[in-house]
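Raw my_file12.txt, compact mmCIF, C-alpha atoms:
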# COMPACT_ATOMS: atom_id res chain seq x y z
CA MET A 1 219.84 2.69 0.64
CA ALA A 2 217.30 1.92 -2.06
CA HIS A 3 217.93 2.95 -5.64
CA ALA A 4 214.71 3.94 -7.43
CA ARG A 5 216.51 5.10 -10.56
CA LEU A 6 219.78 4.01 -12.07
CA THR A 7 222.52 6.40 -13.16
CA PRO A 8 223.85 6.31 -16.77
CA ARG A 9 227.00 4.58 -15.45
CA GLN A 10 224.86 1.87 -13.84
CA TYR A 11 222.96 1.38 -17.14
CA LEU A 12 226.36 1.04 -18.88
CA ILE A 13 227.38 -1.68 -16.41
CA LEU A 14 224.08 -3.53 -16.99
CA GLY A 15 224.75 -3.20 -20.76
CA LEU A 16 228.15 -4.85 -20.33
CA VAL A 17 226.53 -7.61 -18.24
CA SER A 18 224.03 -8.17 -21.08
CA LEU A 19 226.53 -8.22 -23.95
CA CYS A 20 229.60 -10.01 -22.58
CA ALA A 21 227.72 -13.13 -21.37
CA PRO A 22 226.07 -14.26 -24.66
CA LEU A 23 229.14 -13.33 -26.73
CA GLY A 24 231.36 -15.29 -24.32
CA ASP A 25 229.03 -18.32 -24.41
CA THR A 26 229.04 -18.25 -28.22
CA CYS A 27 232.86 -18.31 -28.27
CA LEU A 28 232.90 -21.21 -25.78
CA SER A 29 230.44 -23.17 -27.90
CA ARG A 30 232.49 -22.52 -31.07
CA GLY A 31 235.63 -23.68 -29.24
CA MET A 32 234.14 -26.80 -27.64
CA THR A 33 232.46 -28.09 -30.81
CA GLY A 34 235.86 -27.87 -32.52
CA LEU A 35 237.44 -30.25 -29.99
CA PRO A 36 237.33 -34.05 -29.98
CA GLU A 37 234.90 -35.69 -27.52
CA ILE A 38 235.89 -35.32 -23.85
CA THR A 39 234.96 -38.18 -21.50
CA LEU A 40 234.83 -38.46 -17.70
CA ALA A 41 237.72 -40.96 -17.98
CA HIS A 42 240.05 -38.10 -19.03
CA PRO A 43 238.72 -34.96 -17.27
CA ALA A 44 242.14 -33.24 -17.50
CA THR A 45 241.53 -32.61 -21.21
CA LEU A 46 238.91 -30.03 -20.12
CA PHE A 47 241.74 -27.92 -18.64
CA THR A 48 243.80 -28.05 -21.86
CA ALA A 49 240.70 -26.76 -23.72
CA VAL A 50 241.06 -23.49 -21.75
CA PHE A 51 244.16 -22.57 -23.78
CA THR A 52 242.59 -22.87 -27.25
CA PRO A 53 241.90 -19.46 -28.95
CA TRP A 54 238.08 -19.53 -29.03
CA ILE A 55 237.82 -20.76 -25.42
CA ALA A 56 240.42 -18.17 -24.30
CA LEU A 57 238.44 -15.37 -26.02
CA GLY A 58 235.24 -16.70 -24.44
CA ILE A 59 236.88 -16.69 -21.02
CA ALA A 60 238.15 -13.08 -21.52
CA LEU A 61 234.60 -11.95 -22.36
CA LEU A 62 233.22 -13.88 -19.38
CA ILE A 63 235.76 -12.20 -17.07
CA GLY A 64 234.46 -8.83 -18.37
CA PHE A 65 230.93 -10.07 -17.71
CA PHE A 66 231.83 -11.19 -14.17
CA ALA A 67 233.45 -7.87 -13.21
CA SER A 68 230.36 -5.93 -14.39
CA TYR A 69 228.04 -8.51 -12.82
CA LEU A 70 229.73 -8.18 -9.39
CA THR A 71 229.52 -4.38 -9.60
CA ALA A 72 225.81 -4.60 -10.49
CA LEU A 73 225.13 -7.01 -7.62
CA SER A 74 226.67 -4.55 -5.17
CA TRP A 75 223.84 -2.03 -5.83
CA ALA A 76 221.01 -4.19 -7.20
CA ASP A 77 219.10 -7.38 -6.37
CA LEU A 78 219.97 -10.70 -7.97
CA THR A 79 216.39 -10.90 -9.30
CA PHE A 80 216.91 -7.48 -10.94
CA VAL A 81 220.32 -8.20 -12.51
CA LEU A 82 219.51 -11.65 -13.95
CA PRO A 83 216.81 -10.53 -16.43
CA ALA A 84 219.35 -7.94 -17.68
CA THR A 85 221.70 -10.84 -18.43
CA ALA A 86 218.96 -12.51 -20.49
CA PHE A 87 218.38 -9.28 -22.44
CA GLY A 88 221.80 -9.85 -24.04
CA ASN A 89 220.27 -12.72 -26.03
CA VAL A 90 217.82 -10.24 -27.56
CA ILE A 91 220.67 -7.86 -28.50
CA VAL A 92 222.62 -10.72 -30.13
CA ALA A 93 219.51 -11.93 -32.04
CA LEU A 94 218.77 -8.40 -33.32
CA PHE A 95 222.44 -7.99 -34.28
CA ALA A 96 222.24 -11.27 -36.24
CA ARG A 97 219.05 -10.07 -37.99
CA PHE A 98 220.05 -6.53 -38.96
CA PHE A 99 223.84 -6.78 -39.44
CA LEU A 100 224.36 -10.41 -40.47
CA HIS A 101 220.99 -10.58 -42.29
CA GLU A 102 220.10 -13.92 -40.68
CA THR A 103 216.50 -15.05 -40.72
CA ILE A 104 214.66 -14.98 -37.39
CA SER A 105 211.76 -17.41 -37.06
CA LEU A 106 208.38 -16.47 -35.58
CA GLU A 107 209.29 -18.43 -32.41
CA ARG A 108 212.43 -16.32 -31.94
CA TRP A 109 210.53 -13.06 -32.46
CA ALA A 110 208.08 -14.28 -29.78
CA GLY A 111 211.07 -14.98 -27.49
CA ILE A 112 212.45 -11.47 -28.12
CA VAL A 113 209.08 -9.89 -27.25
CA LEU A 114 208.69 -11.98 -24.05
CA ILE A 115 212.21 -11.18 -22.78
CA THR A 116 211.77 -7.48 -23.56
CA VAL A 117 208.43 -7.36 -21.72
CA GLY A 118 209.95 -9.32 -18.78
CA VAL A 119 212.96 -6.99 -18.53
CA GLY A 120 210.59 -4.00 -18.81
CA PHE A 121 208.60 -5.32 -15.83
CA VAL A 122 211.70 -5.58 -13.65
CA ALA A 123 213.33 -2.37 -14.86
CA HIS A 124 210.15 -0.45 -14.00
CA GLY A 125 210.50 -1.44 -10.32
CA PRO A 126 213.22 -0.71 -7.74
CA SER A 127 216.68 -2.17 -8.40
CA LEU A 128 217.25 -2.90 -4.72
CA THR A 129 214.62 -4.07 -2.22
CA VAL A 130 214.96 -3.96 1.56
CA SER A 131 217.20 -6.66 3.01
CA PRO A 132 218.19 -7.34 6.66
CA SER A 133 221.73 -6.05 6.01
CA VAL A 134 220.41 -2.68 4.85
CA GLN A 135 219.25 -0.58 7.75
CA PRO A 136 217.42 2.73 7.23
CA GLU A 137 219.35 5.66 8.67
CA THR A 138 216.86 8.50 8.56
CA ASN A 139 213.11 9.01 8.45
CA ALA A 140 213.51 10.01 4.79
CA ASP A 141 215.16 6.62 4.06
CA ILE A 142 212.28 4.81 5.81
CA ALA A 143 209.74 6.82 3.77
CA ASP A 144 211.62 5.95 0.53
CA MET A 145 211.62 2.24 1.38
CA GLU A 146 207.91 2.25 2.25
CA LYS A 147 207.13 3.97 -1.07
CA GLU A 148 209.12 1.38 -3.03
CA GLN A 149 207.53 -1.54 -1.19
CA ALA A 150 204.08 -0.11 -1.89
CA ARG A 151 204.76 -0.03 -5.69
CA MET B 152 239.09 -24.69 -40.38
CA THR B 153 236.59 -27.55 -40.42
CA ILE B 154 234.46 -28.48 -37.44
CA PRO B 155 234.56 -32.22 -36.57
CA SER B 156 231.20 -33.97 -36.57
CA PRO B 157 229.69 -33.89 -33.06
CA ALA B 158 229.51 -36.99 -30.82
CA PRO B 159 226.18 -38.87 -30.59
CA GLN B 160 223.67 -37.04 -28.38
CA PRO B 161 223.29 -38.49 -24.83
CA GLY B 162 220.09 -40.13 -23.57
CA PHE B 163 217.30 -38.29 -21.70
CA TRP B 164 218.56 -39.00 -18.15
CA ALA B 165 222.20 -38.23 -18.96
CA ALA B 166 221.14 -34.93 -20.59
CA THR B 167 218.89 -34.12 -17.58
CA ALA B 168 221.76 -34.85 -15.15
CA MET B 169 224.18 -32.61 -17.08
CA ILE B 170 221.70 -29.71 -17.23
CA ALA B 171 220.69 -30.20 -13.55
CA ALA B 172 224.37 -30.04 -12.53
CA ILE B 173 224.77 -26.69 -14.36
CA ILE B 174 221.56 -25.27 -12.81
CA LEU B 175 222.37 -26.37 -9.21
CA ALA B 176 226.00 -25.19 -9.27
CA SER B 177 225.09 -21.95 -11.01
CA THR B 178 222.21 -21.11 -8.61
CA ALA B 179 224.38 -21.82 -5.54
CA GLY B 180 227.21 -19.73 -7.02
CA GLU B 181 225.01 -16.78 -7.94
CA VAL B 182 223.23 -16.67 -4.57
CA LEU B 183 226.53 -16.86 -2.65
CA THR B 184 228.11 -14.19 -4.88
CA ALA B 185 225.07 -11.90 -4.52
CA ALA B 186 225.17 -12.38 -0.71
CA ALA B 187 228.89 -11.53 -0.75
CA MET B 188 228.37 -8.34 -2.79
CA LYS B 189 225.49 -7.24 -0.53
CA SER B 190 227.69 -7.76 2.56
CA ILE B 191 230.50 -5.71 0.94
CA GLY B 192 228.26 -2.77 -0.08
CA ASP B 193 228.11 -0.51 -3.14
CA LEU B 194 231.37 -1.04 -5.08
CA ASP B 195 231.04 2.36 -6.79
CA GLU B 196 230.99 4.07 -3.38
CA ILE B 197 233.92 1.98 -2.10
CA ARG B 198 235.89 2.86 -5.25
CA ALA B 199 235.12 6.56 -4.78
CA ARG B 200 236.30 6.33 -1.16
CA SER B 201 239.29 3.95 -1.34
CA GLY B 202 240.11 3.72 -5.06
CA LEU B 203 240.09 0.67 -7.34
CA THR B 204 242.56 -1.17 -5.10
CA GLY B 205 240.26 -0.69 -2.13
CA ALA B 206 237.31 -2.07 -4.10
CA ILE B 207 239.32 -5.10 -5.28
CA ARG B 208 240.58 -5.70 -1.73
CA ALA B 209 237.01 -5.52 -0.38
CA VAL B 210 235.91 -8.24 -2.83
CA PHE B 211 238.94 -10.50 -2.42
CA THR B 212 238.84 -10.48 1.39
CA CYS B 213 235.24 -11.75 1.50
CA PRO B 214 235.05 -15.54 2.13
CA LEU B 215 231.47 -15.75 0.77
CA PHE B 216 232.78 -14.45 -2.57
CA PHE B 217 235.21 -17.36 -2.87
CA ALA B 218 232.47 -19.85 -1.98
CA GLY B 219 230.36 -18.34 -4.78
CA VAL B 220 233.25 -18.40 -7.26
CA GLY B 221 233.89 -22.07 -6.35
CA PHE B 222 230.32 -23.02 -7.33
CA LEU B 223 230.42 -20.81 -10.45
CA THR B 224 233.65 -22.56 -11.51
CA LEU B 225 231.90 -25.90 -11.03
CA ALA B 226 229.00 -24.59 -13.16
CA PHE B 227 231.46 -23.43 -15.84
CA PHE B 228 233.15 -26.84 -16.17
CA SER B 229 229.72 -28.55 -16.09
CA LEU B 230 228.74 -26.27 -19.00
CA LEU B 231 231.92 -27.09 -20.94
CA PHE B 232 231.31 -30.82 -20.35
CA ALA B 233 227.66 -30.53 -21.46
CA LEU B 234 228.59 -28.49 -24.58
CA ASN B 235 230.98 -31.24 -25.55
CA HIS B 236 228.12 -33.77 -25.51
CA MET B 237 225.04 -31.74 -26.50
CA ASN B 238 224.15 -28.92 -28.88
CA LEU B 239 224.26 -25.32 -27.67
CA SER B 240 220.64 -24.99 -28.87
CA LEU B 241 219.61 -27.43 -26.11
CA VAL B 242 222.09 -26.65 -23.30
CA ALA B 243 221.86 -22.82 -23.44
CA PRO B 244 218.06 -22.36 -23.37
CA ALA B 245 217.44 -25.18 -20.89
CA SER B 246 220.09 -24.12 -18.37
CA ALA B 247 219.68 -20.33 -18.80
CA SER B 248 215.90 -20.30 -18.59
CA LEU B 249 215.57 -22.73 -15.67
CA THR B 250 218.35 -20.95 -13.74
CA LEU B 251 216.27 -17.74 -13.86
CA VAL B 252 213.42 -19.46 -12.04
CA THR B 253 215.63 -21.28 -9.49
CA ASN B 254 217.42 -17.98 -8.79
CA ALA B 255 214.13 -16.14 -8.21
CA ILE B 256 213.17 -18.84 -5.66
CA ALA B 257 216.65 -18.80 -4.06
CA GLY B 258 216.68 -14.97 -4.03
CA LYS B 259 213.45 -14.93 -2.05
CA LEU B 260 214.40 -17.78 0.31
CA PHE B 261 218.06 -17.05 1.03
CA LEU B 262 218.65 -13.39 0.14
CA LYS B 263 215.25 -12.22 1.47
CA GLU B 264 214.72 -10.17 -1.69
CA ASN B 265 211.27 -8.76 -2.22
CA VAL B 266 210.28 -10.94 -5.18
CA ASP B 267 206.87 -9.41 -5.86
CA ARG B 268 204.36 -10.40 -8.57
CA ARG B 269 206.14 -8.18 -11.09
CA ARG B 270 209.45 -10.02 -10.58
CA TRP B 271 207.80 -13.48 -10.66
CA ALA B 272 206.05 -12.52 -13.91
CA ALA B 273 209.35 -11.23 -15.31
CA ALA B 274 211.19 -14.45 -14.33
CA VAL B 275 208.54 -16.61 -16.06
CA LEU B 276 208.35 -14.39 -19.19
CA VAL B 277 212.14 -14.21 -19.55
CA CYS B 278 212.37 -17.99 -18.91
CA ILE B 279 209.93 -18.78 -21.75
CA GLY B 280 211.51 -16.07 -23.93
CA VAL B 281 215.03 -17.46 -23.53
CA TYR B 282 213.74 -20.93 -24.36
CA LEU B 283 211.98 -19.73 -27.53
CA LEU B 284 214.91 -17.57 -28.59
CA ALA B 285 217.64 -20.16 -28.20
CA HIS B 286 215.73 -23.37 -29.00
Conversion result in structure tokens:
Amino acid sequence: MAHARLTPRQYLILGLVSLCAPLGDTCLSRGMTGLPEITLAHPATLFTAVFTPWIALGIALLIGFFASYLTALSWADLTFVLPATAFGNVIVALFARFFLHETISLERWAGIVLITVGVGFVAHGPSLTVSPSVQPETNADIADMEKEQAR
Amino acid sequence: MTIPSPAPQPGFWAATAMIAAIILASTAGEVLTAAAMKSIGDLDEIRARSGLTGAIRAVFTCPLFFAGVGFLTLAFFSLLFALNHMNLSLVAPASASLTLVTNAIAGKLFLKENVDRRRWAAAVLVCIGVYLLAH
């Protein structure tokens, strides 16, 4: 089955994929920079880091990301879902600009434009392309797949 | 709460090895997870048919899923290790942007996805965009 258009629920799941990942990474970074240096000689200290508040919050957000990500992968290609993940960085940057009044450099604006154009490219195409595990069932399915491949 | 001063930044090869470890583990994990989810089928349809428990059971009885999660866990701890030695402004853009390209290659090779010119262009644009945004 090939999905040409996504339902509002599927857009919501892609939105969660986009937002939870960068917010989770930010929490992890905040937590790890607050810890003393961890060396390969004492790798077990990495596991104790998991129970600090910022890392725990980061992990909770990343669990939310992973649940939405798995759902998205069940009806869309990996090469369709991944750019959506990157779009979260744009949302966070715009949030920082308009709500936290942070300054965004010209380089960052260029990054925002490139990611938006890239995501637009992918979003304009089919979310799922034909794979060996997906067999067409009817002539209508075959016609749909041929149309999507021709795009 | 004060943030302790960060440790000295590692050399070029050590930084490259840390970022390469994140990229390799993350690409392997994402490809295996995507393959698992494709073999399971549309989770929304499974949930409509067998409820949330049925959907969770479908995911947790798939061996490929656990292989993927194993690699993603490895990528996660590699990321934590790298963040402890390097700034987020280096680790995040380098690993996130390069992973997009390695995943596009792996998606075409292993998942047989139709990575057409539009998707290649998107991967490259997003890759450069993530680098510019987070650098």
Which residue out of B:Ile174, B:Leu283, B:Val210, B:Leu251 has the minimum interatomic distance to Ala187 (chain B) when all atoms listed in the file are used? B:Val210
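For the atom pair formed by CA of Gly219 (chain B) and CA of Gly120 (chain A), the distance is 28.2 Å, given to one decimal.
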With distances taken over only C-alpha atoms, which residue among A:Gly34, A:Pro53, A:Pro126, A:Ala60 lies nearest chain B? A:Gly34
Can you work out the spacing between CA of Arg108 (chain A) and CA of Pro83 (chain A) in Å, to one decimal?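 Computing the Euclidean distance for CA of Arg108 (chain A) and CA of Pro83 (chain A) yields 17.1 Å.
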Could you state the separation of CA of His236 (chain B) and CA of Asp25 (chain A) in Å, given to one decimal place?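 Taking CA of His236 (chain B) as the start and CA of Asp25 (chain A) as the end point, the length is 15.5 Å.
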Counting all atoms listed in the file, the residue of B:Leu183, B:Leu223, B:Leu231, B:Val242 that sits nearest chain A: B:Leu231
Residues of chain B near chain A: apply a cut-off of 8 Å, count all atoms listed in the file, and supply the list as a ChimeraX atom specification. /B:153-155,157-158,181-182,184-185,188-195,228,231-232,234-236,239,251,254-255,258,262-266,269-270,272-285
Could you list, as a CSV table (one decimal) with C-alpha atoms, keeping the file's coordinate frame, every residue within 7 Å of region 64-68 of chain A, counting all atoms listed in the file and ignoring same-chain residues fewer than 4 positions away?
chain,number,residue,atom,x,y,z
A,13,ILE,CA,227.4,-1.7,-16.4
A,16,LEU,CA,228.2,-4.8,-20.3
A,17,VAL,CA,226.5,-7.6,-18.2
A,20,CYS,CA,229.6,-10.0,-22.6
A,21,ALA,CA,227.7,-13.1,-21.4
A,60,ALA,CA,238.2,-13.1,-21.5
A,72,ALA,CA,225.8,-4.6,-10.5
Would you place a box with edges along x, y and z of the file around all atoms of region 194-212 of chain B listed there, add 3 Å to each of its six sides, and report the centre and edge lengths in Å to one decimal, as JSON?
{"center_x": 236.8, "center_y": -2.0, "center_z": -3.0, "size_x": 17.6, "size_y": 23.1, "size_z": 14.7}
Need the shell around Thr224 (chain B): protein/DNA/RNA residues with any atom at most 10 Å away, counting only C-alpha atoms. Skip same-chain ones fewer than 5 positions apart. Format as a PyMOL selection string? chain B and resi 176-177+180+218-219+229-230
Write the residues of the selection above to a file with C-alpha atoms, as an mmCIF file, keeping the file's coordinate frame.
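Result file is again_3.cif:
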data_model
loop_
_atom_site.group_PDB
_atom_site.id
_atom_site.type_symbol
_atom_site.label_atom_id
_atom_site.label_comp_id
_atom_site.auth_asym_id
_atom_site.auth_seq_id
_atom_site.Cartn_x
_atom_site.Cartn_y
_atom_site.Cartn_z
ATOM 1 C CA ALA B 176 226.000 -25.190 -9.270
ATOM 2 C CA SER B 177 225.090 -21.950 -11.010
ATOM 3 C CA GLY B 180 227.210 -19.730 -7.020
ATOM 4 C CA ALA B 218 232.470 -19.850 -1.980
ATOM 5 C CA GLY B 219 230.360 -18.340 -4.780
ATOM 6 C CA SER B 229 229.720 -28.550 -16.090
ATOM 7 C CA LEU B 230 228.740 -26.270 -19.000
#
